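Below: the structure, in structure tokens.
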Amino acid sequence: MKMNILKYCSSIACAILATVTTSCNDLDLAPTNKFTDLNYWTSDAKASAVLSKAYNQMMSSEYFFKDEMLSDNLYEGRGNTDEKLITSGQANAALGRFKEDWKRCYEGIKTCHTFLENVDRVPNMDENLKGRMKAEARFIRAYLFFRLANHYGDVPLFDYALTVEEANTIARSPKSEVIDFVRKELNEVATILPTKQEYAASDNGRITRGAAMTLLARTYLYENSWENVASICEKIMNGEYGEYALFSSYKGLFLPENEYNSEMILDLGYLLNMRTWAQMYDGIPLSVGGRVNAFAPTQELVDDYLMKNGRAINEAGSGYNEDDPYVNRDPRFEATIVYHGYQWTNGQGVTSTIYIKPGSSADAGAPNLDEYAGPGQNSTGTGYYIRKYFDPTAPAGMEAGLNLMLMRYADVLLMYAEAKTELGQMNEAVWNQTIRPLRERAGFTDASALNYPTSGDMRTIVRRERRCELAIEGLRLYDIRRWKTIETVLNGRPHGAKFAAGNTQYIELDERKFSKSRDYFFAIPQSQRDINKNLTQNEGY
């Protein structure tokens, strides 16, 4: 059952908060009597409407995919978007992406403060309900401050509604203080929030104790604080914050009929015809309903998927054939990426072959919309399309009602495996708790893929596993930042399939540039610095 209150912003909440989300200074949280007056805060339902607005502001489908476009997993083949300017090293402080991410995060924080500072006005509200809803708002606020700190470093930190004067003069707080605040909030709300099992089905999608602790683990993961990551993940795995388990099917994880399954910890909620997203319109093959291809998987991502025997494609004995590269690969590959010859099944159960290789129009038996035709064309820029998160129930235009997962149990297992590896404590027992069940669920059957490896670099193995399990889920950017590999993988030319020079060479894509002295953080938006002279700028901008 979908919980409608978290799926879309009710007309009441939108009207009430219209004033809150319109400001020249994105930190201007000064309340007005249009939404704080006693004539609004009169019922549980009205309080819930404001909290629902905060849920909707926590994350968006737009940035869910755009964060991935800032990584080495996806390439944008059309236009000159903000993300393409960032990855090509051409961004400046006036860039829309820098301004909009900042604005949206602080708008969400603004809504949380509106709720927290007014919910006590609601008469006769059940104290347990009120306490839980306050904890949800505090989690959302912590989530948004964590996002701000990861993108911008030092940011203005506050836990109340600022006056106009304060908003126009507040300075940036050190990133370490922001993260400390986030951790303090998460530890406190985890003692208040119910577990997943303690919620009724009608409350599916609400923030849980497990979500708070998973986000807490992530705050330590991004700082390579391995003891803390291992400790928190171990408790989640032991069921101390609710019961979670891997869902039975990797492909099924991303289908609407399996929402709120055992693996889901926190998702971004959508409801068909009420609140939808349509990014897949520009990611899937044109022949099956796509519009134009705006972003596509890179060859570098494709190459990281193992063979079914557990060996990397460049490893001796892998069986990889460069002339027939898509056979006997990690089953998650087919659930994620569309390649030449892919068997696409639509929502009506009809299967069609996707022809992408140049010259394959004859095989298609008709003019071939999906065929790679070079840079800047309507079709794929890399020779690949996306399958993961395709909603087969979406109507024409791909207005999907499928939830997008922000946290799932597989990530907990991968965080634990990585922490144990970095601590020098990875062994067969840990492997059998983490990587093996992930591969079993994916569909690996060879013992050489499932058993604890006796050779090879474990760090490489675990990082590759993380990339392939979580591909196109918005996390890759943060991984390559914390590993410092972003300095390498986002410098130089990424590649597409072997479709260049008469299908003899890999497609060479536009050059990417990453400056380690500048590009770990976004620029502080120039529009905000024009208002507030106390906002300093990040290095290089």
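By order of appearance in the structure tokens: chains A, B, ..., then residues from 1 within every chain, and ligands from 1 in the order shown.
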
* **Spatial neighbours of Val292 (chain A), 9 Å, only C-alpha atoms, chain gap at least 4 places, as a ChimeraX atom specification** => /A:78,281-286,377-380

Could you turn the residues from that selection into a file that holds C-alpha atoms, as an mmCIF file, in the first residue's frame?
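Contents of result26.cif, freshly written:
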```cif
data_model
loop_
_atom_site.group_PDB
_atom_site.id
_atom_site.type_symbol
_atom_site.label_atom_id
_atom_site.label_comp_id
_atom_site.auth_asym_id
_atom_site.auth_seq_id
_atom_site.Cartn_x
_atom_site.Cartn_y
_atom_site.Cartn_z
ATOM 1 C CA ARG A 78 23.460 15.813 -25.668
ATOM 2 C CA TYR A 281 12.267 9.221 -20.863
ATOM 3 C CA ASP A 282 15.781 10.264 -21.879
ATOM 4 C CA GLY A 283 17.620 7.132 -20.746
ATOM 5 C CA ILE A 284 15.895 4.152 -22.386
ATOM 6 C CA PRO A 285 16.014 3.054 -26.045
ATOM 7 C CA LEU A 286 14.000 5.231 -28.398
ATOM 8 C CA GLN A 377 22.526 12.560 -32.058
ATOM 9 C CA ASN A 378 19.146 11.477 -30.715
ATOM 10 C CA SER A 379 20.385 7.957 -30.002
ATOM 11 C CA THR A 380 22.861 6.861 -27.346
#
```

List as CSV every residue of region 408-514 of chain A that is in contact with region 305-316 of chain A, defined as an atom at most 12 Å from one of its atoms (using only C-alpha atoms), together with the nearest atom pair and the distance in Å rounded to one decimal, sorted by chain and then rising number.
```
residue,atom,partner,partner_atom,distance
A:Ile435,CA,A:Gly310,CA,11.6
A:Arg436,CA,A:Gly310,CA,11.0
A:Arg439,CA,A:Gly310,CA,9.4
A:Glu440,CA,A:Lys308,CA,11.2
A:Ala442,CA,A:Lys308,CA,10.4
A:Gly443,CA,A:Lys308,CA,8.8
A:Phe444,CA,A:Lys308,CA,6.1
A:Thr445,CA,A:Lys308,CA,7.7
A:Asp446,CA,A:Asn309,CA,5.5
A:Ala447,CA,A:Asn309,CA,7.6
A:Ser448,CA,A:Asn309,CA,5.7
A:Ala449,CA,A:Gly310,CA,3.8
A:Leu450,CA,A:Gly310,CA,7.5
A:Asn451,CA,A:Gly310,CA,9.3
A:Tyr452,CA,A:Gly310,CA,10.7
A:Pro453,CA,A:Gly310,CA,9.5
A:Ser455,CA,A:Arg311,CA,11.2
A:Gly456,CA,A:Arg311,CA,10.0
A:Asp457,CA,A:Ala312,CA,11.9
A:Thr460,CA,A:Ala312,CA,10.6
A:Ile461,CA,A:Ala312,CA,9.3
A:Arg463,CA,A:Tyr305,CA,11.6
A:Arg464,CA,A:Tyr305,CA,7.8
A:Glu465,CA,A:Tyr305,CA,8.4
A:Arg466,CA,A:Tyr305,CA,10.7
A:Arg467,CA,A:Tyr305,CA,8.7
A:Cys468,CA,A:Tyr305,CA,6.3
A:Glu469,CA,A:Tyr305,CA,9.5
A:Leu470,CA,A:Tyr305,CA,11.8
A:Ala471,CA,A:Tyr305,CA,10.5
```

Write the residues of the selection above to a file with N, CA, C and O atoms, as a compact mmCIF listing (two decimals), in the first residue's frame.
```txt
# COMPACT_ATOMS: atom_id res chain seq x y z
N ILE A 435 29.42 -10.27 0.73
CA ILE A 435 29.55 -10.37 -0.73
C ILE A 435 28.88 -11.63 -1.28
O ILE A 435 28.19 -11.57 -2.31
N ARG A 436 29.08 -12.75 -0.60
CA ARG A 436 28.48 -13.99 -1.12
C ARG A 436 26.96 -13.89 -1.25
O ARG A 436 26.42 -14.22 -2.31
N ARG A 439 25.99 -11.83 -4.25
CA ARG A 439 26.20 -12.51 -5.53
C ARG A 439 25.20 -13.64 -5.72
O ARG A 439 24.73 -13.89 -6.85
N GLU A 440 24.87 -14.34 -4.65
CA GLU A 440 23.86 -15.39 -4.77
C GLU A 440 22.53 -14.80 -5.19
O GLU A 440 21.85 -15.35 -6.08
N ALA A 442 22.08 -12.08 -6.82
CA ALA A 442 22.21 -11.59 -8.19
C ALA A 442 22.03 -12.70 -9.21
O ALA A 442 21.56 -12.46 -10.32
N GLY A 443 22.40 -13.93 -8.85
CA GLY A 443 22.26 -15.05 -9.77
C GLY A 443 23.54 -15.76 -10.12
O GLY A 443 23.58 -16.64 -10.98
N PHE A 444 24.66 -15.42 -9.46
CA PHE A 444 25.90 -16.17 -9.65
C PHE A 444 25.70 -17.59 -9.10
O PHE A 444 25.08 -17.78 -8.05
N THR A 445 26.27 -18.56 -9.79
CA THR A 445 26.20 -19.95 -9.31
C THR A 445 27.56 -20.62 -9.24
O THR A 445 27.72 -21.59 -8.49
N ASP A 446 28.54 -20.14 -9.99
CA ASP A 446 29.87 -20.77 -9.97
C ASP A 446 30.51 -20.61 -8.60
O ASP A 446 30.51 -19.52 -8.02
N ALA A 447 31.08 -21.68 -8.12
CA ALA A 447 31.77 -21.63 -6.82
C ALA A 447 32.89 -20.59 -6.84
O ALA A 447 33.14 -19.92 -5.83
N SER A 448 33.53 -20.43 -7.99
CA SER A 448 34.65 -19.48 -8.07
C SER A 448 34.18 -18.04 -7.89
O SER A 448 34.98 -17.17 -7.51
N ALA A 449 32.90 -17.78 -8.14
CA ALA A 449 32.36 -16.44 -7.93
C ALA A 449 31.82 -16.26 -6.53
O ALA A 449 31.80 -15.14 -6.00
N LEU A 450 31.41 -17.36 -5.91
CA LEU A 450 30.74 -17.27 -4.61
C LEU A 450 31.69 -17.46 -3.44
O LEU A 450 31.47 -16.88 -2.36
N ASN A 451 32.73 -18.26 -3.61
CA ASN A 451 33.61 -18.58 -2.49
C ASN A 451 34.57 -17.44 -2.18
O ASN A 451 34.93 -16.65 -3.06
N TYR A 452 35.00 -17.39 -0.95
CA TYR A 452 35.96 -16.38 -0.51
C TYR A 452 37.24 -16.47 -1.35
O TYR A 452 37.84 -17.54 -1.47
N PRO A 453 37.66 -15.38 -1.97
CA PRO A 453 38.82 -15.43 -2.87
C PRO A 453 40.13 -15.59 -2.09
O PRO A 453 40.33 -14.96 -1.05
N SER A 455 43.02 -15.09 -3.68
CA SER A 455 44.00 -14.22 -4.34
C SER A 455 43.28 -12.99 -4.84
O SER A 455 42.05 -12.92 -4.86
N GLY A 456 44.06 -11.99 -5.24
CA GLY A 456 43.48 -10.75 -5.72
C GLY A 456 43.45 -9.70 -4.64
O GLY A 456 43.49 -10.01 -3.43
N ASP A 457 43.36 -8.44 -5.05
CA ASP A 457 43.33 -7.33 -4.12
C ASP A 457 41.91 -7.16 -3.59
O ASP A 457 40.99 -6.85 -4.34
N THR A 460 40.04 -3.83 -4.23
CA THR A 460 39.52 -3.73 -5.59
C THR A 460 38.26 -4.55 -5.75
O THR A 460 37.28 -4.11 -6.36
N ILE A 461 38.25 -5.75 -5.17
CA ILE A 461 37.09 -6.64 -5.27
C ILE A 461 35.87 -6.01 -4.62
O ILE A 461 34.77 -5.99 -5.20
N ARG A 463 35.32 -2.80 -3.83
CA ARG A 463 34.90 -1.56 -4.49
C ARG A 463 34.18 -1.85 -5.80
O ARG A 463 33.20 -1.19 -6.16
N ARG A 464 34.65 -2.85 -6.54
CA ARG A 464 33.96 -3.24 -7.78
C ARG A 464 32.57 -3.77 -7.46
O ARG A 464 31.59 -3.47 -8.17
N GLU A 465 32.47 -4.55 -6.41
CA GLU A 465 31.17 -5.10 -6.02
C GLU A 465 30.19 -3.97 -5.69
O GLU A 465 29.01 -4.01 -6.07
N ARG A 466 30.69 -2.97 -5.01
CA ARG A 466 29.85 -1.83 -4.65
C ARG A 466 29.37 -1.08 -5.90
O ARG A 466 28.21 -0.71 -6.00
N ARG A 467 30.28 -0.90 -6.84
CA ARG A 467 29.91 -0.19 -8.06
C ARG A 467 28.83 -0.92 -8.83
O ARG A 467 27.85 -0.30 -9.28
N CYS A 468 28.99 -2.21 -8.99
CA CYS A 468 28.05 -2.97 -9.81
C CYS A 468 26.71 -3.19 -9.11
O CYS A 468 25.66 -3.15 -9.75
N GLU A 469 26.72 -3.40 -7.82
CA GLU A 469 25.48 -3.58 -7.07
C GLU A 469 24.66 -2.30 -7.03
O GLU A 469 23.43 -2.33 -7.14
N LEU A 470 25.32 -1.16 -6.87
CA LEU A 470 24.62 0.11 -6.64
C LEU A 470 24.65 1.05 -7.84
O LEU A 470 24.33 2.24 -7.71
N ALA A 471 25.00 0.54 -9.01
CA ALA A 471 25.09 1.40 -10.20
C ALA A 471 23.78 2.11 -10.48
O ALA A 471 22.69 1.54 -10.32
```

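CA of Ala217 (chain A) to CA of His113 (chain A) spans 24.8 Å [interatomic distance, one decimal].
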
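The interatomic distance for the pair CA of Ala419 (chain A) and CA of Glu227 (chain A) works out to 7.1 Å.
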
Could you pull the residues within 8 Å of Ile472 (chain A), counting only C-alpha atoms, minus those fewer than 5 positions along the same chain, as a VMD selection string? chain A and resid 65 68 73 336 388

For region 25-88 of chain A versus region 477-500 of chain A, which residues have an atom no more than 7 Å away, and what is each residue's nearest atom pair and distance in Å rounded to one decimal, using only C-alpha atoms, chain-then-number order, as JSON lines?
```
{"residue": "A:Asp67", "atom": "CA", "partner": "A:Leu477", "partner_atom": "CA", "distance": 6.5}
{"residue": "A:Glu68", "atom": "CA", "partner": "A:Leu477", "partner_atom": "CA", "distance": 6.2}
{"residue": "A:Leu70", "atom": "CA", "partner": "A:Leu477", "partner_atom": "CA", "distance": 6.3}
{"residue": "A:Ser71", "atom": "CA", "partner": "A:Leu477", "partner_atom": "CA", "distance": 4.8}
{"residue": "A:Asp72", "atom": "CA", "partner": "A:Val489", "partner_atom": "CA", "distance": 6.4}
```

Would you write out those residues with N, CA and C atoms, as a PDB file, in the first residue's frame?
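Output contents, as saved in part-v6.pdb:
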```pdb
ATOM      1  N   ASP A  67      23.297  13.317  -9.819  1.00  0.00           N
ATOM      2  CA  ASP A  67      24.488  12.992  -9.043  1.00  0.00           C
ATOM      3  C   ASP A  67      25.284  11.894  -9.737  1.00  0.00           C
ATOM      4  N   GLU A  68      24.563  10.942 -10.324  1.00  0.00           N
ATOM      5  CA  GLU A  68      25.245   9.853 -11.043  1.00  0.00           C
ATOM      6  C   GLU A  68      25.933  10.378 -12.307  1.00  0.00           C
ATOM      7  N   LEU A  70      27.485  13.044 -12.523  1.00  0.00           N
ATOM      8  CA  LEU A  70      28.746  13.668 -12.110  1.00  0.00           C
ATOM      9  C   LEU A  70      29.821  12.627 -11.820  1.00  0.00           C
ATOM     10  N   SER A  71      29.500  11.361 -12.043  1.00  0.00           N
ATOM     11  CA  SER A  71      30.457  10.274 -11.782  1.00  0.00           C
ATOM     12  C   SER A  71      30.923   9.670 -13.095  1.00  0.00           C
ATOM     13  N   ASP A  72      31.716   8.620 -12.999  1.00  0.00           N
ATOM     14  CA  ASP A  72      32.216   7.918 -14.185  1.00  0.00           C
ATOM     15  C   ASP A  72      31.274   6.818 -14.655  1.00  0.00           C
TER      16      ASP A  72
END
```
